[in-house]
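Okay, coords-v5.txt is below, compact mmCIF, C-alpha atoms:
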# COMPACT_ATOMS: atom_id res chain seq x y z
CA MET A 1397 64.91 23.93 -65.21
CA GLN A 1398 66.78 21.16 -63.45
CA ALA A 1399 65.57 17.58 -63.81
CA PHE A 1400 66.45 14.45 -61.85
CA PHE A 1401 66.19 10.74 -62.63
CA SER A 1402 68.18 7.59 -61.92
CA ASP A 1403 68.39 4.63 -64.29
CA ASP A 1404 67.85 2.43 -61.23
CA GLN A 1405 64.21 3.59 -61.33
CA LEU A 1406 63.75 1.41 -64.42
CA LEU A 1407 64.61 -1.75 -62.46
CA HIS A 1408 61.14 -2.07 -60.89
CA ASP A 1409 59.38 -4.29 -63.41
CA PRO A 1410 56.05 -5.53 -61.99
CA GLN A 1411 54.67 -8.75 -63.43
CA GLN A 1412 51.11 -8.76 -62.13
CA TYR A 1413 48.28 -6.36 -61.34
CA MET A 1414 44.80 -7.24 -60.07
CA ARG A 1415 41.72 -5.45 -61.45
CA VAL A 1416 38.10 -6.54 -60.82
CA GLY A 1417 39.26 -10.02 -59.89
CA ARG A 1418 41.50 -10.48 -62.94
CA ILE A 1419 45.27 -10.64 -63.19
CA CYS A 1420 46.08 -8.00 -65.81
CA LYS A 1421 49.19 -6.74 -67.51
CA PRO A 1422 50.92 -4.14 -65.33
CA ALA A 1423 50.31 -0.47 -66.13
CA ASP A 1424 53.40 1.01 -64.45
CA LEU A 1425 55.90 0.00 -67.11
CA PRO A 1426 59.54 1.16 -67.26
CA THR A 1427 58.79 2.54 -70.73
CA ARG A 1428 56.77 5.32 -69.07
CA ALA A 1429 59.96 6.88 -67.76
CA GLU A 1430 61.74 6.39 -71.07
CA ALA A 1431 59.01 8.33 -72.91
CA LEU A 1432 59.29 11.23 -70.48
CA MET A 1433 63.07 11.22 -70.74
CA ALA A 1434 62.76 11.53 -74.52
CA THR A 1435 60.67 14.69 -74.11
CA LEU A 1436 63.22 16.24 -71.77
CA ALA A 1437 66.00 15.44 -74.23
CA ALA A 1438 64.05 16.95 -77.12
CA ARG A 1439 63.69 20.17 -75.12
CA GLY A 1440 67.37 20.22 -74.25
CA ILE A 1441 66.73 19.78 -70.54
CA ALA A 1442 69.66 18.02 -68.90
CA VAL A 1443 68.79 15.23 -66.50
CA SER A 1444 71.01 14.52 -63.49
CA ALA A 1445 71.17 11.38 -61.44
CA PRO A 1446 70.31 12.27 -57.83
CA PRO A 1447 72.89 11.54 -55.13
CA ASP A 1448 72.30 8.35 -53.18
CA ALA A 1449 71.02 9.81 -49.93
CA GLY A 1450 69.98 6.67 -48.09
CA ARG A 1451 66.75 6.57 -46.10
CA ALA A 1452 66.93 9.76 -44.01
CA ALA A 1453 64.66 11.85 -46.25
CA LEU A 1454 62.12 9.02 -46.48
CA GLU A 1455 61.95 8.87 -42.69
CA GLN A 1456 60.63 12.45 -42.67
CA VAL A 1457 57.25 11.10 -43.82
CA HIS A 1458 57.33 7.30 -43.38
CA SER A 1459 57.67 5.11 -40.30
CA THR A 1460 60.90 3.19 -39.84
CA ASP A 1461 59.08 -0.13 -39.46
CA TYR A 1462 57.39 0.37 -42.83
CA LEU A 1463 60.65 1.25 -44.57
CA ASP A 1464 62.33 -1.75 -42.93
CA TYR A 1465 59.57 -3.90 -44.42
CA LEU A 1466 59.96 -2.47 -47.94
CA GLU A 1467 63.71 -2.88 -47.84
CA THR A 1468 63.67 -6.53 -46.75
CA ALA A 1469 60.37 -7.93 -47.97
CA PHE A 1470 61.48 -9.63 -51.19
CA GLU A 1471 64.46 -11.47 -49.73
CA ARG A 1472 62.36 -12.68 -46.79
CA TRP A 1473 59.52 -13.65 -49.16
CA ARG A 1474 61.81 -15.94 -51.14
CA LYS A 1475 62.42 -18.03 -48.01
CA VAL A 1476 58.75 -18.53 -47.17
CA GLU A 1477 57.10 -21.91 -47.31
CA SER A 1478 53.45 -22.05 -46.29
CA PHE A 1479 51.68 -25.41 -46.02
CA GLY A 1480 53.92 -26.88 -48.70
CA LEU A 1481 53.54 -23.95 -51.10
CA GLU A 1482 56.46 -21.95 -52.38
CA PRO A 1483 55.91 -18.18 -52.62
CA GLY A 1484 54.86 -16.46 -55.81
CA ILE A 1485 57.22 -14.49 -58.03
CA GLU A 1486 56.43 -11.20 -56.26
CA VAL A 1487 55.37 -10.13 -52.79
CA LEU A 1488 51.60 -9.57 -52.65
CA PRO A 1489 49.11 -9.67 -49.76
CA ASN A 1490 46.52 -12.38 -49.32
CA MET A 1491 45.01 -10.92 -46.16
CA SER A 1492 44.08 -7.62 -44.55
CA PRO A 1493 44.22 -6.75 -40.86
CA HIS A 1494 41.02 -6.57 -38.85
CA GLY A 1495 40.51 -3.21 -37.21
CA PRO A 1496 42.82 -0.18 -37.36
CA ARG A 1497 46.52 -0.57 -38.12
CA VAL A 1498 48.28 1.19 -35.26
CA GLY A 1499 52.06 1.07 -35.02
CA PRO A 1500 54.28 -1.70 -36.38
CA CYS A 1501 52.84 -5.04 -37.45
CA PRO A 1502 52.48 -7.23 -34.33
CA SER A 1503 53.74 -10.31 -36.21
CA PRO A 1504 57.31 -10.86 -37.45
CA SER A 1505 56.02 -12.95 -40.40
CA VAL A 1506 56.54 -11.43 -43.85
CA LEU A 1507 53.12 -12.82 -44.80
CA ALA A 1508 51.43 -10.91 -41.98
CA GLN A 1509 53.49 -7.80 -42.61
CA THR A 1510 52.58 -7.79 -46.29
CA GLY A 1511 48.88 -7.67 -45.37
CA TRP A 1512 49.69 -4.93 -42.83
CA TYR A 1513 51.79 -2.67 -45.03
CA VAL A 1514 50.46 -3.27 -48.60
CA GLY A 1515 46.99 -1.89 -49.14
CA ASP A 1516 45.99 -3.47 -52.45
CA LEU A 1517 47.07 -5.78 -55.27
CA SER A 1518 48.61 -3.07 -57.46
CA CYS A 1519 51.87 -2.96 -55.48
CA PRO A 1520 53.84 -6.14 -56.14
CA ILE A 1521 57.32 -6.11 -54.66
CA GLY A 1522 59.96 -7.72 -56.87
CA PRO A 1523 63.72 -8.19 -56.60
CA ASN A 1524 64.52 -4.60 -57.59
CA THR A 1525 61.49 -2.74 -56.27
CA TRP A 1526 63.18 -1.31 -53.18
CA ARG A 1527 66.12 0.04 -55.15
CA SER A 1528 63.83 1.72 -57.67
CA VAL A 1529 61.60 3.13 -54.94
CA LEU A 1530 64.58 4.50 -53.03
CA ARG A 1531 66.08 6.16 -56.09
CA SER A 1532 62.71 7.60 -57.09
CA ALA A 1533 62.53 9.24 -53.67
CA HIS A 1534 66.07 10.53 -54.14
CA ALA A 1535 64.95 12.24 -57.37
CA ALA A 1536 62.24 14.11 -55.43
CA LEU A 1537 64.73 14.99 -52.69
CA ALA A 1538 67.29 16.30 -55.18
CA ALA A 1539 64.65 18.42 -56.94
CA ALA A 1540 63.55 19.94 -53.61
CA GLU A 1541 67.13 20.65 -52.62
CA ALA A 1542 67.74 22.30 -56.00
CA VAL A 1543 64.84 24.65 -55.31
CA LEU A 1544 66.12 25.32 -51.79
CA ASP A 1545 69.46 26.22 -53.36
CA GLY A 1546 67.80 28.97 -55.37
CA GLY A 1547 66.29 27.25 -58.39
CA SER A 1548 62.91 28.52 -59.51
CA ILE A 1549 61.66 25.12 -60.65
CA ALA A 1550 62.90 21.53 -60.65
CA TYR A 1551 61.40 18.35 -62.07
CA ALA A 1552 61.62 14.95 -60.41
CA LEU A 1553 60.90 12.19 -62.89
CA CYS A 1554 59.64 9.83 -60.21
CA ARG A 1555 58.88 6.27 -61.15
CA PRO A 1556 57.49 4.41 -59.24
CA SER A 1557 54.94 7.09 -58.40
CA GLY A 1558 54.19 8.03 -54.82
CA HIS A 1559 51.05 10.00 -53.95
CA HIS A 1560 49.00 6.98 -52.77
CA ALA A 1561 51.68 5.89 -50.29
CA GLN A 1562 50.66 6.66 -46.72
CA ARG A 1563 52.96 6.92 -43.74
CA ALA A 1564 53.02 3.13 -43.35
CA ARG A 1565 51.20 1.66 -46.35
CA ALA A 1566 51.80 1.06 -50.06
CA ALA A 1567 48.90 1.30 -52.51
CA GLY A 1568 48.01 2.28 -56.05
CA PHE A 1569 51.42 1.57 -57.68
CA CYS A 1570 52.99 3.74 -54.92
CA TYR A 1571 55.43 2.63 -52.23
CA VAL A 1572 57.07 5.82 -50.95
CA ASN A 1573 55.44 9.26 -51.15
CA ASN A 1574 57.81 11.29 -53.31
CA SER A 1575 55.65 14.43 -53.25
CA ALA A 1576 55.43 14.35 -49.45
CA ILE A 1577 59.22 13.95 -49.25
CA ALA A 1578 59.62 17.02 -51.48
CA ALA A 1579 57.20 19.03 -49.32
CA ALA A 1580 58.88 17.97 -46.07
CA THR A 1581 62.28 18.87 -47.51
CA LEU A 1582 61.06 22.33 -48.53
CA ARG A 1583 59.70 22.79 -45.03
CA ARG A 1584 63.26 22.76 -43.70
CA ARG A 1585 63.55 26.35 -44.85
CA HIS A 1586 60.01 27.51 -45.66
CA ALA A 1587 57.32 28.03 -43.02
CA ARG A 1588 54.46 27.16 -45.40
CA VAL A 1589 54.41 24.83 -48.39
CA ALA A 1590 51.49 24.05 -50.70
CA VAL A 1591 50.91 20.77 -52.55
CA LEU A 1592 48.70 20.88 -55.65
CA ASP A 1593 48.03 17.37 -56.96
CA ILE A 1594 46.58 17.20 -60.47
CA ASP A 1595 46.70 13.44 -61.04
CA ALA A 1596 43.46 11.68 -62.04
CA HIS A 1597 43.36 9.96 -58.66
CA HIS A 1598 43.04 11.55 -55.25
CA GLY A 1599 46.40 11.99 -53.51
CA ASP A 1600 45.20 10.04 -50.50
CA GLY A 1601 48.64 9.23 -49.16
CA THR A 1602 49.74 12.85 -49.21
CA GLN A 1603 46.50 13.87 -47.53
CA GLN A 1604 46.99 11.27 -44.79
CA ILE A 1605 50.58 12.33 -44.08
CA PHE A 1606 49.75 16.03 -43.67
CA TYR A 1607 46.11 15.84 -42.53
CA GLU A 1608 46.78 17.12 -39.01
CA ARG A 1609 49.30 19.79 -39.98
CA GLY A 1610 48.67 23.45 -40.72
CA ASP A 1611 52.06 24.18 -42.31
CA VAL A 1612 51.40 22.18 -45.50
CA LEU A 1613 48.31 22.95 -47.57
CA THR A 1614 47.23 19.87 -49.54
CA ILE A 1615 44.98 20.31 -52.56
CA SER A 1616 43.91 17.57 -54.96
CA THR A 1617 41.92 17.79 -58.20
CA HIS A 1618 40.82 14.31 -59.27
CA ALA A 1619 37.99 12.16 -60.60
CA ASN A 1620 35.10 11.71 -58.19
CA PRO A 1621 36.20 8.81 -55.94
CA ALA A 1622 32.63 7.60 -55.40
CA GLY A 1623 33.18 5.52 -58.53
CA TYR A 1624 36.97 5.53 -58.91
CA TYR A 1625 40.16 4.67 -57.07
CA PRO A 1626 40.95 5.25 -54.20
CA TRP A 1627 37.20 5.12 -53.37
CA TYR A 1628 37.40 5.88 -49.65
CA THR A 1629 38.97 9.35 -49.63
CA GLY A 1630 39.03 12.44 -51.80
CA TYR A 1631 35.65 13.92 -50.91
CA SER A 1632 35.05 17.64 -50.49
CA HIS A 1633 34.09 17.38 -46.81
CA GLU A 1634 37.60 16.20 -45.88
CA ARG A 1635 39.15 19.45 -44.66
CA GLY A 1636 41.87 18.37 -42.23
CA ASN A 1637 41.91 17.63 -38.53
CA GLY A 1638 43.27 19.33 -35.42
CA GLU A 1639 45.96 21.83 -36.39
CA GLY A 1640 45.35 20.81 -39.99
CA GLU A 1641 41.67 21.73 -40.06
CA GLY A 1642 41.02 23.90 -43.11
CA PHE A 1643 44.34 23.01 -44.74
CA ASN A 1644 43.14 20.17 -46.96
CA LEU A 1645 41.07 20.87 -50.07
CA ASN A 1646 39.63 18.19 -52.36
CA LEU A 1647 38.15 19.20 -55.71
CA PRO A 1648 36.55 16.06 -57.16
CA LEU A 1649 35.51 16.20 -60.81
CA ALA A 1650 32.54 14.42 -62.34
CA HIS A 1651 33.53 11.52 -64.57
CA GLY A 1652 33.70 12.71 -68.16
CA SER A 1653 34.91 16.18 -67.16
CA GLY A 1654 37.20 17.93 -69.60
CA ASN A 1655 39.35 21.02 -69.85
CA ALA A 1656 36.65 23.51 -68.80
CA GLU A 1657 35.89 21.73 -65.55
CA PHE A 1658 39.61 21.36 -64.86
CA ALA A 1659 40.12 25.09 -65.40
CA GLN A 1660 37.39 25.83 -62.84
CA ALA A 1661 39.03 23.50 -60.31
CA LEU A 1662 42.37 25.21 -60.93
CA ASP A 1663 40.71 28.56 -60.24
CA GLN A 1664 39.62 27.30 -56.82
CA ALA A 1665 42.98 25.69 -56.14
CA THR A 1666 45.08 28.72 -57.02
CA ALA A 1667 42.79 31.01 -54.99
CA ALA A 1668 43.31 28.75 -51.95
CA ILE A 1669 47.07 28.76 -52.50
CA GLU A 1670 47.13 32.55 -52.71
CA ARG A 1671 45.18 32.81 -49.44
CA PHE A 1672 47.59 30.40 -47.75
CA GLN A 1673 50.61 32.44 -48.93
CA PRO A 1674 53.14 29.60 -49.13
CA GLN A 1675 56.82 30.16 -49.85
CA ALA A 1676 57.06 27.10 -52.13
CA LEU A 1677 54.91 24.69 -54.14
CA VAL A 1678 54.97 20.96 -54.86
CA LEU A 1679 53.04 19.86 -57.96
CA PRO A 1680 52.30 16.12 -58.17
CA LEU A 1681 51.82 15.89 -61.95
CA GLY A 1682 49.73 13.08 -63.42
CA PHE A 1683 48.85 12.50 -67.06
CA ASP A 1684 46.24 9.80 -66.40
CA THR A 1685 43.60 12.52 -66.81
CA TYR A 1686 44.20 12.31 -70.58
CA LYS A 1687 41.11 11.24 -72.50
CA ASP A 1688 42.72 8.13 -74.01
CA ASP A 1689 44.61 6.92 -70.95
CA PRO A 1690 43.70 3.25 -70.36
CA ILE A 1691 42.53 3.87 -66.78
CA SER A 1692 41.11 7.39 -67.16
CA VAL A 1693 37.52 8.48 -66.57
CA LEU A 1694 38.32 12.11 -67.39
CA LYS A 1695 38.51 13.67 -70.85
CA PHE A 1696 41.39 16.14 -70.80
CA ASP A 1697 43.36 16.90 -73.93
CA MET A 1698 46.84 18.36 -74.27
CA GLU A 1699 45.58 21.89 -73.70
CA ALA A 1700 44.76 20.95 -70.11
CA PHE A 1701 48.41 20.20 -69.39
CA ARG A 1702 49.50 23.43 -71.08
CA LEU A 1703 46.98 25.28 -68.88
CA ALA A 1704 48.40 23.60 -65.77
CA GLY A 1705 51.86 24.84 -66.69
CA GLU A 1706 50.55 28.36 -67.22
CA ARG A 1707 48.83 28.38 -63.82
CA VAL A 1708 51.97 27.20 -62.04
CA ARG A 1709 54.00 29.89 -63.81
CA ALA A 1710 51.46 32.54 -62.79
CA LEU A 1711 51.76 31.58 -59.12
CA GLY A 1712 55.42 32.56 -59.29
CA LEU A 1713 56.49 30.22 -56.47
CA PRO A 1714 59.64 28.12 -56.23
CA THR A 1715 58.23 24.82 -57.46
CA VAL A 1716 59.07 21.13 -57.35
CA VAL A 1717 57.24 19.14 -60.04
CA VAL A 1718 56.95 15.47 -59.07
CA GLN A 1719 55.87 12.99 -61.73
CA GLU A 1720 52.92 10.81 -60.76
CA GLY A 1721 50.62 8.76 -63.04
CA GLY A 1722 49.98 8.53 -66.77
CA TYR A 1723 49.81 5.12 -68.43
CA MET A 1724 49.37 5.74 -72.15
CA VAL A 1725 53.03 5.56 -73.06
CA GLY A 1726 52.40 6.99 -76.52
CA ALA A 1727 50.83 10.16 -75.08
CA ILE A 1728 52.67 11.04 -71.87
CA GLY A 1729 55.69 12.48 -73.67
CA ALA A 1730 53.45 14.92 -75.53
CA ALA A 1731 51.60 15.69 -72.29
CA LEU A 1732 54.84 16.61 -70.55
CA ASP A 1733 55.82 18.73 -73.53
CA ALA A 1734 52.51 20.62 -73.34
CA PHE A 1735 52.99 21.20 -69.61
CA LEU A 1736 56.51 22.51 -70.17
CA GLU A 1737 55.24 24.76 -72.96
CA GLY A 1738 52.76 26.30 -70.53
CA LEU A 1739 55.50 26.59 -67.96
CA ARG A 1740 57.86 27.88 -70.68
CA ALA A 1741 60.64 25.72 -69.30
As a first step, turn the structure in this file into structure tokens.
Amino acid sequence: MQAFFSDDQLLHDPQQYMRVGRICKPADLPTRAEALMATLAARGIAVSAPPDAGRAALEQVHSTDYLDYLETAFERWRKVESFGLEPGIEVLPNMSPHGPRVGPCPSPSVLAQTGWYVGDLSCPIGPNTWRSVLRSAHAALAAAEAVLDGGSIAYALCRPSGHHAQRARAAGFCYVNNSAIAAATLRRRHARVAVLDIDAHHGDGTQQIFYERGDVLTISTHANPAGYYPWYTGYSHERGNGEGEGFNLNLPLAHGSGNAEFAQALDQATAAIERFQPQALVLPLGFDTYKDDPISVLKFDMEAFRLAGERVRALGLPTVVVQEGGYMVGAIGAALDAFLEGLRA
């Protein structure tokens, strides 16, 4: 198995995170990636730095105005003065647009654009965020290209994560949708690609990007969003629109669900994938389903991750594994090891 990661992905070091009206310690720490790297090293899996490929692959799934914003936001933010106030240490929104966001932000102000392009207070932009985000996307691109070159499976250790990032919006610790980039890259050669997201949270960004397309099947198993982030999407009635109708499948799990319920959801997911008959698979892999994860409402243990690996192996598809969430640093290394054991990588 080939694996990809750039040390530049450690540079994003968020300083603030809002939960229920409180500024909390950030959950997306650089140490997450270090723990996963240690597992790869213990298994003898070599990790390559992805080539610096610029923005072209990102523009497959994101608008140019949004990427322009991400690339320039921090430097522009530092120059802001508003009613005598200097800006905070990181870029964060203090407003939201009224009505639908259609096209680029109508205002050139970085304050207005931050409200337009950043969906919540979990996505602070610091001095090195863009570089980390870009290199995280390059890891997903390199893994997809490795599979296109004949590899059976490749792992992109993406950090920051990506599956909440929509075409023109950051949210949920996610700025650029690494899994969507991998799927779009695989589509260069394959007529049909499936995405099976097994993070604790609904892959709302991935759903939004492909919702009107019939060439990419998007499936997400996740905690019931009626009482959990991202709240507004991830329900079973969301099936796609237009050409994409019938090509989106959400499998929400009741809070407190464990391995048995996850296995049942995987049964439904793999049956849908087999009906779709894709030529390749993208697996957004989250470990925030673990029972002791600080933001989990699910109760999976390590056997669930081993089972996920076994199910992916049984599908027998060229596969790109894209790392998503998982915030208990002391457990995610073991979770990745269990997944790789099931995969027998």
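Nearest to A:Gln1603 of all the residues A:Thr1427, A:Gln1675, A:Asn1646, A:Ser1653 is A:Asn1646, counting all atoms listed in the file.
Close contacts of A:Asp1403, defined as residues with an atom at most 10 Å away when counting all atoms listed in the file, with chain neighbours fewer than 3 positions off set aside, comprise Leu1406, Leu1407, Pro1426, Ala1429, Glu1430, Ala1445, Ser1528, Arg1531 and Ser1532 of chain A.
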Got a sec to check which residues sit within 9 Å of (49.6, -3.0, -49.2), counting only C-alpha atoms, and write them as a PyMOL selection string? chain A and resi 1488-1489+1492+1510-1520+1565-1568+1571
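Across the model, the gap from atom CA of A:Arg1584 to atom CA of A:Phe1606 is 15.1 Å.
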Which residues come within 12 Å of A:Arg1439, counting only C-alpha atoms, excluding same-chain residues fewer than 6 positions away, as a ChimeraX atom specification? /A:1397,1399,1432-1433,1729-1730,1732-1734,1736-1737,1740-1741
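A straight line drawn from atom CA of A:Gly1623 to atom CA of A:Val1487 is 27.8 Å long.
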